[in-house]
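Have a look at work16.cif below; it lists mmCIF, C-alpha atoms and all ligand atoms.
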data_data
#
loop_
_atom_site.label_atom_id
_atom_site.label_comp_id
_atom_site.auth_asym_id
_atom_site.auth_seq_id
_atom_site.Cartn_x
_atom_site.Cartn_y
_atom_site.Cartn_z
CA MET P 1 11.12 -51.13 4.55
CA SER P 2 14.50 -52.45 3.54
CA ASN P 3 17.65 -51.75 5.46
CA GLU P 4 19.06 -50.00 2.42
CA SER P 5 16.30 -47.36 2.23
CA SER P 6 16.25 -46.83 6.00
CA LYS P 7 19.90 -45.89 5.82
CA ASP P 8 19.18 -43.30 3.18
CA GLU P 9 16.29 -41.75 5.08
CA THR P 10 17.93 -41.52 8.48
CA GLY P 11 21.00 -39.43 8.21
CA ALA P 12 22.95 -38.23 11.24
CA GLY P 13 21.26 -34.80 11.04
CA GLN P 14 17.80 -36.24 11.65
CA ALA P 15 18.86 -38.60 14.42
CA GLU P 16 20.48 -35.71 16.25
CA SER P 17 17.24 -33.71 16.42
CA PRO P 18 15.86 -33.80 19.99
CA GLU P 19 12.26 -34.15 18.71
CA VAL P 20 13.18 -37.22 16.70
CA GLU P 21 15.14 -38.70 19.60
CA ARG P 22 12.20 -38.14 21.94
CA ALA P 23 9.80 -39.71 19.46
CA VAL P 24 12.05 -42.70 19.08
CA GLU P 25 12.34 -43.02 22.86
CA ASP P 26 8.55 -42.90 23.14
CA LEU P 27 8.32 -45.81 20.75
CA GLY P 28 10.61 -47.86 22.99
CA PRO P 29 14.00 -49.39 22.27
CA ALA P 30 12.53 -52.46 20.58
CA SER P 31 10.58 -50.52 17.96
CA ASP P 32 11.42 -51.05 14.28
CA ILE P 33 11.86 -47.32 13.71
CA GLY P 34 14.27 -47.12 16.65
CA GLN P 35 16.33 -49.99 15.23
CA GLU P 36 16.27 -48.48 11.78
CA MET P 37 17.41 -45.12 13.11
CA GLU P 38 20.22 -46.73 15.04
CA ALA P 39 21.25 -48.54 11.89
CA GLY P 40 21.15 -45.18 10.12
CA ASP P 41 23.37 -43.62 12.79
CA GLU P 42 25.91 -46.37 12.37
CA ALA P 43 25.83 -45.98 8.62
CA ALA P 44 26.28 -42.23 8.91
CA ALA P 45 29.18 -42.71 11.32
CA SER P 46 30.88 -45.17 9.03
CA ASP P 47 30.30 -42.81 6.05
CA ALA P 48 32.00 -39.90 7.83
CA SER P 49 35.19 -38.91 6.05
CA PRO P 50 38.41 -39.75 7.83
CA ALA P 51 40.18 -36.94 9.68
CA THR P 52 42.43 -34.95 7.34
CA ASP P 53 45.59 -32.98 7.92
CA PRO P 54 44.64 -29.30 8.77
CA ALA P 55 47.29 -27.96 6.39
CA GLU P 56 45.86 -30.01 3.53
CA GLU P 57 42.35 -28.79 4.37
CA GLU P 58 43.44 -25.14 4.26
CA ALA P 59 45.18 -25.61 0.92
CA ALA P 60 42.04 -27.22 -0.51
CA LEU P 61 39.90 -24.33 0.73
CA GLU P 62 42.21 -21.72 -0.77
CA GLU P 63 42.11 -23.50 -4.07
CA LYS P 64 38.31 -23.56 -3.95
CA SER P 65 37.91 -19.91 -2.96
CA GLU P 66 40.01 -18.60 -5.84
CA PRO P 67 37.25 -18.31 -8.47
CA TRP P 68 34.55 -17.20 -6.02
CA VAL P 69 33.18 -13.70 -6.34
CA VAL P 70 31.51 -12.17 -3.35
CA ILE P 71 28.11 -10.88 -4.45
CA ASN P 72 26.17 -8.60 -2.21
CA ARG P 73 22.62 -9.74 -2.97
CA GLU P 74 21.01 -8.14 0.04
CA PRO P 75 19.91 -4.50 0.23
CA GLU P 76 22.37 -2.25 2.01
CA PRO P 77 20.88 -1.52 5.42
CA SER P 78 21.29 2.23 4.95
CA GLY P 79 20.36 3.08 1.38
CA GLY P 80 18.23 0.12 0.26
CA ILE P 81 20.50 -0.32 -2.73
CA TYR P 82 20.12 -3.63 -4.52
CA VAL P 83 23.20 -5.00 -6.26
CA ALA P 84 22.45 -7.43 -9.06
CA ASP P 85 24.36 -10.67 -9.71
CA ASP P 86 26.56 -8.92 -12.24
CA GLY P 87 27.49 -6.24 -9.73
CA LYS P 88 25.36 -3.48 -11.22
CA VAL P 89 23.66 -1.17 -8.78
CA LEU P 90 19.93 -0.93 -9.38
CA GLY P 91 19.32 1.91 -7.00
CA ARG P 92 16.30 0.10 -5.58
CA ASP P 93 15.87 -2.81 -3.24
CA PHE P 94 13.35 -4.66 -5.39
CA LEU P 95 13.15 -6.04 -8.90
CA LEU P 96 10.77 -4.74 -11.53
CA PRO P 97 10.00 -7.36 -14.17
CA GLY P 98 11.13 -6.13 -17.58
CA VAL P 99 13.40 -3.44 -16.15
CA GLY P 100 17.10 -3.99 -16.69
CA PRO P 101 19.70 -3.23 -14.01
CA ASP P 102 21.06 -0.19 -15.80
CA ASP P 103 17.67 1.27 -16.69
CA SER P 104 17.51 4.35 -14.54
CA ASP P 105 14.34 5.69 -16.18
CA PRO P 106 11.89 2.83 -16.73
CA TYR P 107 8.91 5.20 -16.83
CA ARG P 108 9.91 7.42 -19.73
CA TRP P 109 6.90 6.22 -21.75
CA HIS P 110 4.48 6.49 -18.83
CA THR P 111 3.09 9.88 -19.62
CA GLY P 112 0.01 9.37 -17.47
CA ALA P 113 -1.78 11.39 -20.12
CA LYS P 114 -5.53 11.20 -20.67
CA LYS P 115 -6.22 9.89 -17.21
CA GLY P 116 -9.90 9.42 -16.54
CA ALA P 117 -12.71 9.46 -19.06
CA GLY P 118 -14.86 12.26 -17.77
CA GLY P 119 -17.75 11.41 -15.53
CA PRO P 120 -17.59 9.78 -12.11
CA ALA P 121 -15.16 6.97 -11.40
CA ALA P 122 -16.60 3.70 -10.09
CA ILE P 123 -13.17 2.36 -9.18
CA GLU P 124 -10.19 4.49 -8.16
CA ILE P 125 -6.74 3.01 -7.75
CA LYS P 126 -4.26 5.21 -5.98
CA ASP P 127 -0.49 4.68 -5.84
CA LEU P 128 -0.99 0.92 -5.59
CA VAL P 129 2.16 -1.02 -4.71
CA LYS P 130 2.31 -4.82 -4.52
CA GLN P 131 5.42 -6.90 -4.20
CA PHE P 132 5.89 -10.67 -3.98
CA GLY P 133 9.22 -11.42 -2.37
CA ARG P 134 11.67 -9.10 -4.05
CA THR P 135 9.64 -8.77 -7.24
CA ARG P 136 7.48 -5.69 -7.36
CA ILE P 137 4.54 -6.28 -9.68
CA LEU P 138 2.61 -3.05 -9.15
CA ASN P 139 4.75 -0.01 -8.48
CA GLY P 140 2.58 3.00 -7.74
CA LEU P 141 -0.30 2.32 -10.10
CA ASN P 142 -2.89 5.09 -10.55
CA LEU P 143 -6.09 4.56 -12.49
CA ASP P 144 -9.73 5.70 -12.48
CA LEU P 145 -12.30 3.43 -14.09
CA PRO P 146 -15.42 5.25 -15.26
CA ASP P 147 -18.89 4.19 -14.21
CA ASP P 148 -21.32 2.93 -16.85
CA GLN P 149 -18.64 2.16 -19.39
CA ILE P 150 -16.74 -0.92 -20.50
CA SER P 151 -13.11 -0.43 -19.55
CA MET P 152 -10.24 -2.61 -20.61
CA VAL P 153 -6.87 -3.03 -19.03
CA LEU P 154 -4.43 -4.24 -21.64
CA GLY P 155 -0.84 -5.17 -21.11
CA PRO P 156 1.83 -7.73 -21.87
CA SER P 157 1.60 -11.12 -20.19
CA GLY P 158 2.70 -11.24 -16.57
CA THR P 159 2.45 -7.49 -15.98
CA GLY P 160 -0.04 -7.83 -13.13
CA LYS P 161 -3.47 -7.52 -14.72
CA SER P 162 -4.92 -10.39 -12.69
CA VAL P 163 -3.13 -9.10 -9.58
CA LEU P 164 -4.90 -5.78 -10.16
CA ILE P 165 -8.35 -7.43 -10.33
CA LYS P 166 -7.61 -9.34 -7.13
CA HIS P 167 -6.95 -6.06 -5.33
CA ILE P 168 -10.25 -4.63 -6.53
CA VAL P 169 -12.23 -7.57 -5.14
CA GLY P 170 -10.15 -7.69 -1.94
CA LEU P 171 -8.48 -11.05 -2.60
CA LEU P 172 -5.09 -9.35 -2.32
CA TYR P 173 -4.12 -6.46 -0.06
CA PRO P 174 -1.85 -3.62 -1.18
CA ASP P 175 1.58 -3.12 0.36
CA SER P 176 0.74 0.55 0.09
CA GLY P 177 -1.77 2.72 -1.74
CA ASP P 178 -5.51 2.32 -1.90
CA VAL P 179 -8.34 0.87 -3.97
CA LEU P 180 -11.69 2.65 -3.78
CA VAL P 181 -14.86 1.04 -5.06
CA LYS P 182 -17.73 3.53 -5.21
CA GLY P 183 -15.75 5.70 -2.81
CA GLN P 184 -15.14 2.91 -0.25
CA SER P 185 -11.62 1.78 0.51
CA VAL P 186 -11.50 -2.00 -0.12
CA PRO P 187 -8.38 -2.75 2.01
CA ALA P 188 -9.95 -0.89 4.95
CA LEU P 189 -13.12 -3.01 4.96
CA SER P 190 -13.81 -5.54 7.69
CA ASP P 191 -14.40 -9.13 6.57
CA ASP P 192 -18.15 -8.70 6.95
CA ASP P 193 -18.20 -5.48 4.94
CA LEU P 194 -16.00 -7.05 2.30
CA PHE P 195 -18.46 -9.93 2.03
CA GLU P 196 -21.26 -7.39 1.53
CA MET P 197 -19.27 -5.44 -1.01
CA ARG P 198 -18.55 -8.56 -3.05
CA LYS P 199 -22.26 -8.85 -3.73
CA LYS P 200 -21.84 -5.75 -5.90
CA PHE P 201 -19.35 -7.63 -8.07
CA GLY P 202 -19.86 -10.09 -10.85
CA LEU P 203 -16.68 -11.95 -11.64
CA LEU P 204 -15.92 -14.06 -14.66
CA PHE P 205 -12.75 -16.06 -14.30
CA GLN P 206 -10.64 -17.30 -17.16
CA ASP P 207 -12.20 -20.78 -17.47
CA GLY P 208 -15.65 -19.87 -16.21
CA ALA P 209 -14.71 -21.41 -12.81
CA LEU P 210 -17.92 -23.41 -12.64
CA PHE P 211 -18.50 -25.98 -9.94
CA GLY P 212 -17.79 -29.27 -11.69
CA SER P 213 -20.27 -31.25 -9.59
CA MET P 214 -23.26 -28.99 -10.28
CA ASN P 215 -25.27 -28.72 -13.45
CA ILE P 216 -25.41 -25.39 -15.27
CA TYR P 217 -28.72 -24.36 -13.71
CA ASP P 218 -27.44 -24.92 -10.16
CA ASN P 219 -24.16 -23.19 -10.96
CA VAL P 220 -26.00 -20.07 -12.09
CA ALA P 221 -28.47 -20.25 -9.21
CA PHE P 222 -25.67 -20.60 -6.67
CA PRO P 223 -25.05 -16.89 -5.89
CA LEU P 224 -28.78 -16.30 -5.49
CA ARG P 225 -29.13 -19.20 -3.05
CA GLN P 226 -25.97 -18.16 -1.22
CA HIS P 227 -26.47 -14.41 -0.97
CA THR P 228 -30.21 -13.78 -1.08
CA ASP P 229 -33.33 -15.21 0.53
CA ARG P 230 -35.24 -15.38 -2.72
CA GLY P 231 -37.61 -18.32 -3.16
CA GLU P 232 -36.96 -21.10 -5.70
CA GLU P 233 -39.68 -19.80 -8.01
CA GLU P 234 -38.08 -16.37 -8.28
CA ILE P 235 -34.64 -17.94 -8.63
CA GLU P 236 -35.91 -20.06 -11.50
CA HIS P 237 -37.24 -16.98 -13.24
CA ILE P 238 -33.89 -15.13 -12.96
CA VAL P 239 -31.72 -18.13 -13.87
CA THR P 240 -33.87 -19.03 -16.88
CA ARG P 241 -33.75 -15.45 -18.14
CA ARG P 242 -29.97 -15.14 -17.74
CA LEU P 243 -29.29 -18.52 -19.34
CA ARG P 244 -31.54 -17.67 -22.27
CA GLU P 245 -29.72 -14.34 -22.63
CA VAL P 246 -26.37 -16.07 -23.04
CA GLY P 247 -27.77 -18.67 -25.44
CA LEU P 248 -27.84 -21.57 -22.99
CA GLY P 249 -31.61 -21.85 -22.65
CA GLU P 250 -31.42 -25.54 -23.57
CA ALA P 251 -28.48 -26.47 -21.38
CA HIS P 252 -29.92 -26.26 -17.85
CA TYR P 253 -29.18 -29.85 -16.93
CA LYS P 254 -25.81 -30.21 -18.63
CA MET P 255 -22.75 -30.65 -16.46
CA PRO P 256 -19.81 -28.25 -17.04
CA ASN P 257 -17.63 -31.01 -18.52
CA GLU P 258 -20.28 -31.62 -21.18
CA LEU P 259 -19.93 -28.05 -22.48
CA SER P 260 -17.45 -26.48 -24.87
CA GLY P 261 -15.04 -23.80 -23.61
CA GLY P 262 -17.18 -21.05 -25.13
CA MET P 263 -20.36 -22.41 -23.51
CA ARG P 264 -18.62 -22.62 -20.14
CA LYS P 265 -17.61 -18.98 -20.45
CA ARG P 266 -21.15 -17.99 -21.31
CA ALA P 267 -22.45 -19.95 -18.32
CA GLY P 268 -19.88 -18.17 -16.15
CA PHE P 269 -21.10 -14.88 -17.56
CA ALA P 270 -24.72 -15.75 -16.73
CA ARG P 271 -23.65 -16.61 -13.19
CA ALA P 272 -21.71 -13.33 -12.89
CA LEU P 273 -24.88 -11.43 -13.75
CA VAL P 274 -27.56 -13.01 -11.57
CA LEU P 275 -27.11 -10.64 -8.65
CA ASP P 276 -27.47 -7.60 -10.96
CA PRO P 277 -23.98 -6.43 -10.08
CA GLU P 278 -22.91 -2.80 -10.31
CA ILE P 279 -19.43 -3.88 -11.31
CA VAL P 280 -18.59 -6.81 -13.57
CA MET P 281 -15.03 -8.00 -14.07
CA PHE P 282 -13.84 -10.42 -16.72
CA ASP P 283 -10.37 -11.88 -16.58
CA GLU P 284 -9.56 -12.78 -20.18
CA PRO P 285 -13.04 -13.68 -21.40
CA ASP P 286 -11.55 -14.36 -24.84
CA SER P 287 -8.73 -16.76 -23.96
CA GLY P 288 -9.04 -20.17 -25.54
CA LEU P 289 -11.91 -19.18 -27.83
CA ASP P 290 -11.84 -19.22 -31.61
CA PRO P 291 -12.23 -15.84 -33.35
CA VAL P 292 -15.93 -16.31 -34.10
CA ARG P 293 -16.77 -17.38 -30.52
CA THR P 294 -14.72 -14.44 -29.25
CA ALA P 295 -16.65 -12.03 -31.47
CA LEU P 296 -19.96 -13.51 -30.31
CA LEU P 297 -18.98 -13.28 -26.65
CA CYS P 298 -17.89 -9.66 -27.14
CA GLU P 299 -21.22 -8.88 -28.76
CA LEU P 300 -22.99 -10.50 -25.84
CA ILE P 301 -20.99 -8.47 -23.31
CA ARG P 302 -21.85 -5.26 -25.17
CA GLU P 303 -25.54 -6.15 -25.38
CA VAL P 304 -25.85 -7.04 -21.71
CA HIS P 305 -23.95 -3.90 -20.73
CA ALA P 306 -26.19 -1.73 -22.91
CA GLU P 307 -29.19 -3.19 -21.11
CA SER P 308 -27.97 -3.31 -17.51
CA GLY P 309 -25.25 -0.61 -17.38
CA GLY P 310 -22.64 -0.59 -14.65
CA CYS P 311 -18.87 -0.54 -14.59
CA TYR P 312 -17.40 -3.37 -16.62
CA LEU P 313 -13.71 -4.15 -16.45
CA VAL P 314 -12.31 -6.52 -19.04
CA ILE P 315 -8.76 -7.80 -18.84
CA SER P 316 -7.23 -9.05 -22.03
CA HIS P 317 -4.33 -8.84 -24.37
CA ASP P 318 -6.50 -9.27 -27.41
CA LEU P 319 -6.60 -6.14 -29.53
CA GLY P 320 -9.66 -7.32 -31.46
CA THR P 321 -11.59 -7.57 -28.20
CA ALA P 322 -10.40 -4.07 -27.27
CA ARG P 323 -11.62 -2.64 -30.55
CA ARG P 324 -14.95 -4.41 -30.27
CA ILE P 325 -16.04 -3.73 -26.75
CA ALA P 326 -13.94 -1.11 -24.98
CA ASP P 327 -15.14 2.41 -24.27
CA PHE P 328 -12.10 3.15 -22.15
CA ILE P 329 -8.61 1.64 -22.32
CA ALA P 330 -5.69 1.59 -19.91
CA VAL P 331 -2.32 0.11 -20.82
CA LEU P 332 -0.36 -1.48 -17.98
CA TRP P 333 3.41 -2.04 -18.10
CA LYS P 334 6.18 -2.16 -15.53
CA GLY P 335 3.72 -1.86 -12.68
CA ARG P 336 2.11 1.38 -13.79
CA ILE P 337 -0.39 2.64 -16.32
CA VAL P 338 1.40 3.94 -19.40
CA GLU P 339 -1.67 5.80 -20.64
CA SER P 340 -5.40 5.57 -20.19
CA GLY P 341 -8.34 7.21 -21.89
CA PRO P 342 -11.22 6.79 -24.33
CA LYS P 343 -10.61 3.98 -26.83
CA ASP P 344 -10.27 6.10 -29.95
CA GLU P 345 -7.73 8.39 -28.35
CA LEU P 346 -5.63 5.47 -27.17
CA PHE P 347 -5.69 3.79 -30.57
CA GLU P 348 -4.41 7.04 -32.02
CA SER P 349 -1.87 7.69 -29.29
CA GLN P 350 1.53 8.98 -30.32
CA ASN P 351 3.07 7.39 -27.22
CA GLU P 352 5.76 5.06 -28.52
CA PHE P 353 4.85 2.13 -26.27
CA VAL P 354 1.07 2.49 -26.59
CA HIS P 355 1.47 2.86 -30.34
CA GLN P 356 3.55 -0.33 -30.53
CA PHE P 357 1.30 -2.34 -28.24
CA LEU P 358 -2.00 -1.35 -29.81
CA ARG P 359 -0.67 -2.10 -33.29
CA ALA P 360 1.12 -5.29 -32.29
CA ASP P 361 4.23 -3.82 -33.86
CA VAL P 362 7.49 -5.73 -33.51
CA THR P 363 9.52 -2.53 -33.33
CA GLY P 364 9.29 -0.31 -30.28
CA PRO P 365 10.15 -0.21 -26.59
CA LEU P 366 8.61 -3.65 -25.89
CA ALA P 367 10.99 -6.50 -26.66
CA MET P 368 10.75 -10.26 -26.15
CA ASP P 369 12.54 -10.22 -22.77
N1 LIG M 401 0.17 -14.86 -5.11
C1 LIG M 401 1.30 -14.64 -5.81
N2 LIG M 401 2.50 -14.90 -5.28
C2 LIG M 401 3.64 -14.65 -5.97
N3 LIG M 401 3.66 -14.14 -7.21
C3 LIG M 401 2.50 -13.86 -7.78
C4 LIG M 401 1.25 -14.09 -7.13
N4 LIG M 401 0.26 -13.72 -7.94
C5 LIG M 401 0.86 -13.26 -9.08
N5 LIG M 401 2.19 -13.35 -8.98
C6 LIG M 401 3.17 -12.93 -10.00
O1 LIG M 401 2.81 -11.64 -10.45
C7 LIG M 401 3.08 -11.50 -11.83
C8 LIG M 401 1.86 -10.95 -12.52
O2 LIG M 401 0.87 -11.95 -12.52
P1 LIG M 401 -0.56 -11.76 -13.19
O3 LIG M 401 -1.23 -13.07 -13.12
O4 LIG M 401 -1.26 -10.61 -12.59
O5 LIG M 401 -0.15 -11.42 -14.69
P2 LIG M 401 -1.12 -11.06 -15.89
O6 LIG M 401 -0.81 -9.67 -16.34
O7 LIG M 401 -2.53 -11.34 -15.50
O8 LIG M 401 -0.60 -12.07 -17.00
P3 LIG M 401 -1.43 -12.90 -18.12
O9 LIG M 401 -1.72 -11.91 -19.22
O10 LIG M 401 -0.46 -13.93 -18.58
O11 LIG M 401 -2.66 -13.46 -17.47
C9 LIG M 401 3.52 -12.86 -12.33
O12 LIG M 401 4.92 -12.84 -12.43
C10 LIG M 401 3.09 -13.80 -11.24
O13 LIG M 401 3.98 -14.88 -11.15
MG MG M 402 -3.92 -12.81 -15.94
#

Is it possible to express this structure as structure tokens?
Amino acid sequence: MSNESSKDETGAGQAESPEVERAVEDLGPASDIGQEMEAGDEAAASDASPATDPAEEEAALEEKSEPWVVINREPEPSGGIYVADDGKVLGRDFLLPGVGPDDSDPYRWHTGAKKGAGGPAAIEIKDLVKQFGRTRILNGLNLDLPDDQISMVLGPSGTGKSVLIKHIVGLLYPDSGDVLVKGQSVPALSDDDLFEMRKKFGLLFQDGALFGSMNIYDNVAFPLRQHTDRGEEEIEHIVTRRLREVGLGEAHYKMPNELSGGMRKRAGFARALVLDPEIVMFDEPDSGLDPVRTALLCELIREVHAESGGCYLVISHDLGTARRIADFIAVLWKGRIVESGPKDELFESQNEFVHQFLRADVTGPLAMD
């Protein structure tokens, strides 16, 4: 290490820390680090600005403080009022993405109409609130997802669709509110019970999330080996059937990096199904696929659902996918569901936002910001 760099790395602040001093003492006075730190101290001392006249200092400060504006960025202790950088009062001590400071009624399009689809709900989300730092992503979300149907949650990018899925599988915990899966509160489960509950779920992540070091067969067999005590013969039967179902009957020994994006998704789908889950969740199954592959994957999802049933939840912002596979649609925006209901009703909704979103219209409440 050159003298030059040691000077840069050992400022006076570091040398003053008692832990650093003790460590240097432990190394002994002759140690290189000790010498370097001393050299740093000297350098810092020689860099210190010369003493200035107090009157001059005050004048300089006054000059500096002239253009400063005092901004109260913290919530008032009493009312929880948040004051934005431009001085506007938001009336809340958190930020809602997409909600401007002077928007006092961000939920005027959230009619909450057509909630539920008739029939029992497999997943119930009640007043779910989730905030990261000061940004509140979910702000009192209510939604029932029907059993034995394919539901879709649609919404602009960054509105919290993936955050919602993570609450359902217990990867994130609500700040308040509840998530019930088949009547059981997910946040209230112990770790062991959560582990058990996850066996009911099949999850398909955006990129298939396959283990790169395992071939396709082992990837698909993994949940069976991990969660069941089935023998290899039975596992082979299940894995072969599922891989054939998704059109990968010939790809058992391929590694994930030898497959196209669409094939990886199909392999991920096969893996999501091997435990015969009651609930299957897909986070953007269509992202990164060409239109034909997307259509084929949608067809496959519909076929498998028709055969095995269960509650499917598909997250997407693709309207074509929604038209193809959804039975039930919910539209998420500003941390709450704008409207939810059977697909045909939603596509015919007169709600200004839902109408705009489901027609990909450039005019309406949703703007680029
Ligand atoms: N663990 C986290 N910590 C902090 N912020 C997070 C965390 N997870 C998500 N967010 C934020 O929450 C917001 C919503 O994220 P999310 O991934 O759910 O969006 P999305 O609706 O799935 O978007 P997309 O359609 O682009 O996938 C984003 O602004 C994201 O940065
Ligand atoms: Mg997402």

Can you write out as CSV which residues of chain P fall within 9 Å of ligand LIG 401 (chain M), alongside each residue's closest atom pair and its distance in Å to one decimal, counting all atoms listed in the file and ordering rows by chain and ascending residue number?
residue,atom,partner,partner_atom,distance
P:Pro97,CA,M:LIG401,O12,7.7
P:Gln131,CA,M:LIG401,N3,8.0
P:Phe132,CA,M:LIG401,C2,5.0
P:Gly133,CA,M:LIG401,C2,7.4
P:Thr135,CA,M:LIG401,N3,8.0
P:Arg136,CA,M:LIG401,O1,8.2
P:Ile137,CA,M:LIG401,O1,5.7
P:Leu138,CA,M:LIG401,C8,8.6
P:Leu154,CA,M:LIG401,O6,8.4
P:Gly155,CA,M:LIG401,O6,6.6
P:Pro156,CA,M:LIG401,O9,6.1
P:Ser157,CA,M:LIG401,O9,3.5
P:Gly158,CA,M:LIG401,O5,3.4
P:Thr159,CA,M:LIG401,O6,3.9
P:Gly160,CA,M:LIG401,O4,3.1
P:Lys161,CA,M:LIG401,O6,3.8
P:Ser162,CA,M:LIG401,O4,3.7
P:Val163,CA,M:LIG401,O4,3.9
P:Leu164,CA,M:LIG401,O4,6.5
P:Ile165,CA,M:LIG401,O4,8.1
P:Lys166,CA,M:LIG401,O4,8.5
P:Leu172,CA,M:LIG401,N1,8.1
P:Gln206,CA,M:LIG401,O11,8.9
P:Asp283,CA,M:LIG401,O11,7.9
P:Glu284,CA,M:LIG401,O11,7.4
P:Ile315,CA,M:LIG401,O7,7.9
P:Ser316,CA,M:LIG401,O9,6.8
P:His317,CA,M:LIG401,O9,6.5
P:Leu332,CA,M:LIG401,O6,8.4
P:Trp333,CA,M:LIG401,O6,8.9

Nearest to ligand MG 402 (chain M), restricted to only C-alpha atoms and all ligand atoms and choosing among P:Pro277, P:Gly310, P:Gly341, P:Pro285, comes out as P:Pro285

Could you pull out every residue with an atom within 10 Å of (-28.0, -21.7, -20.1), file coordinates, counting all atoms listed in the file, and send them as an MDAnalysis selection string? chainID P and resid 216:217 220 239:254 263:264 266:268 270:271

Selection from above, C-alpha atoms, as a PDB file, keeping the file's coordinate frame, can you write it?
ATOM      1  CA  ILE P 216     -25.410 -25.390 -15.270  1.00  0.00           C
ATOM      2  CA  TYR P 217     -28.720 -24.360 -13.710  1.00  0.00           C
ATOM      3  CA  VAL P 220     -26.000 -20.070 -12.090  1.00  0.00           C
ATOM      4  CA  VAL P 239     -31.720 -18.130 -13.870  1.00  0.00           C
ATOM      5  CA  THR P 240     -33.870 -19.030 -16.880  1.00  0.00           C
ATOM      6  CA  ARG P 241     -33.750 -15.450 -18.140  1.00  0.00           C
ATOM      7  CA  ARG P 242     -29.970 -15.140 -17.740  1.00  0.00           C
ATOM      8  CA  LEU P 243     -29.290 -18.520 -19.340  1.00  0.00           C
ATOM      9  CA  ARG P 244     -31.540 -17.670 -22.270  1.00  0.00           C
ATOM     10  CA  GLU P 245     -29.720 -14.340 -22.630  1.00  0.00           C
ATOM     11  CA  VAL P 246     -26.370 -16.070 -23.040  1.00  0.00           C
ATOM     12  CA  GLY P 247     -27.770 -18.670 -25.440  1.00  0.00           C
ATOM     13  CA  LEU P 248     -27.840 -21.570 -22.990  1.00  0.00           C
ATOM     14  CA  GLY P 249     -31.610 -21.850 -22.650  1.00  0.00           C
ATOM     15  CA  GLU P 250     -31.420 -25.540 -23.570  1.00  0.00           C
ATOM     16  CA  ALA P 251     -28.480 -26.470 -21.380  1.00  0.00           C
ATOM     17  CA  HIS P 252     -29.920 -26.260 -17.850  1.00  0.00           C
ATOM     18  CA  TYR P 253     -29.180 -29.850 -16.930  1.00  0.00           C
ATOM     19  CA  LYS P 254     -25.810 -30.210 -18.630  1.00  0.00           C
ATOM     20  CA  MET P 263     -20.360 -22.410 -23.510  1.00  0.00           C
ATOM     21  CA  ARG P 264     -18.620 -22.620 -20.140  1.00  0.00           C
ATOM     22  CA  ARG P 266     -21.150 -17.990 -21.310  1.00  0.00           C
ATOM     23  CA  ALA P 267     -22.450 -19.950 -18.320  1.00  0.00           C
ATOM     24  CA  GLY P 268     -19.880 -18.170 -16.150  1.00  0.00           C
ATOM     25  CA  ALA P 270     -24.720 -15.750 -16.730  1.00  0.00           C
ATOM     26  CA  ARG P 271     -23.650 -16.610 -13.190  1.00  0.00           C
TER      27      ARG P 271
END

If you count all atoms listed in the file, which residues fall within 8 Å of P:Pro256, apart from same-chain ones fewer than 3 positions away, as number ranges by chain? P: 210-212, 214-216, 259, 264

Expressed in Å, the length from atom CA of P:Gln149 to atom CA of P:Tyr312 is 6.3 Å

Counting all atoms listed in the file, closest pick from P:Val153, P:Ala209, P:Ala360, P:Ala221 relative to ligand MG 402 (chain M) is P:Val153

* What gap, in Å, lies between atom CA of P:Ile123 and atom CA of P:Arg225? ->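 Rounded to one decimal, the two atoms are 27.5 Å apart.
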
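Atom CA of P:Met281 to atom CA of P:Phe201 spans 7.4 Å [interatomic distance, one decimal].
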
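The smallest atom-to-atom distance between P:Leu313 and any of P:Asp127, P:Asp148, P:Asp93, P:Glu236, using all atoms listed in the file, is found for P:Asp148.
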
Near-P:Asp344 list (12 Å; all atoms listed in the file; drop same-chain fewer than 5 positions) as an mmCIF file with C-alpha atoms, keeping the file's coordinate frame:
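Contents of result09.cif, as written:
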data_model
loop_
_atom_site.group_PDB
_atom_site.id
_atom_site.type_symbol
_atom_site.label_atom_id
_atom_site.label_comp_id
_atom_site.auth_asym_id
_atom_site.auth_seq_id
_atom_site.Cartn_x
_atom_site.Cartn_y
_atom_site.Cartn_z
ATOM 1 C CA LYS P 114 -5.530 11.200 -20.670
ATOM 2 C CA ALA P 117 -12.710 9.460 -19.060
ATOM 3 C CA ALA P 322 -10.400 -4.070 -27.270
ATOM 4 C CA ARG P 323 -11.620 -2.640 -30.550
ATOM 5 C CA ARG P 324 -14.950 -4.410 -30.270
ATOM 6 C CA ILE P 325 -16.040 -3.730 -26.750
ATOM 7 C CA ALA P 326 -13.940 -1.110 -24.980
ATOM 8 C CA ASP P 327 -15.140 2.410 -24.270
ATOM 9 C CA PHE P 328 -12.100 3.150 -22.150
ATOM 10 C CA ILE P 329 -8.610 1.640 -22.320
ATOM 11 C CA ALA P 330 -5.690 1.590 -19.910
ATOM 12 C CA SER P 349 -1.870 7.690 -29.290
ATOM 13 C CA LEU P 358 -2.000 -1.350 -29.810
#

With distances taken over all atoms listed in the file, the candidate from P:Leu275, P:Val314, P:Val99, P:Val304 nearest ligand MG 402 (chain M) is P:Val314

Across P:Leu296, P:Phe205, P:Arg302, P:Cys311, the smallest distance to ligand MG 402 (chain M), with only C-alpha atoms and all ligand atoms counted, is shown by P:Phe205

Which one is closest to ligand MG 402 (chain M): P:Glu234, P:Glu339, P:Asp286, P:Glu303? Count all atoms listed in the file.
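Of the candidates, the smallest distance to ligand MG 402 (chain M) is held by P:Asp286.
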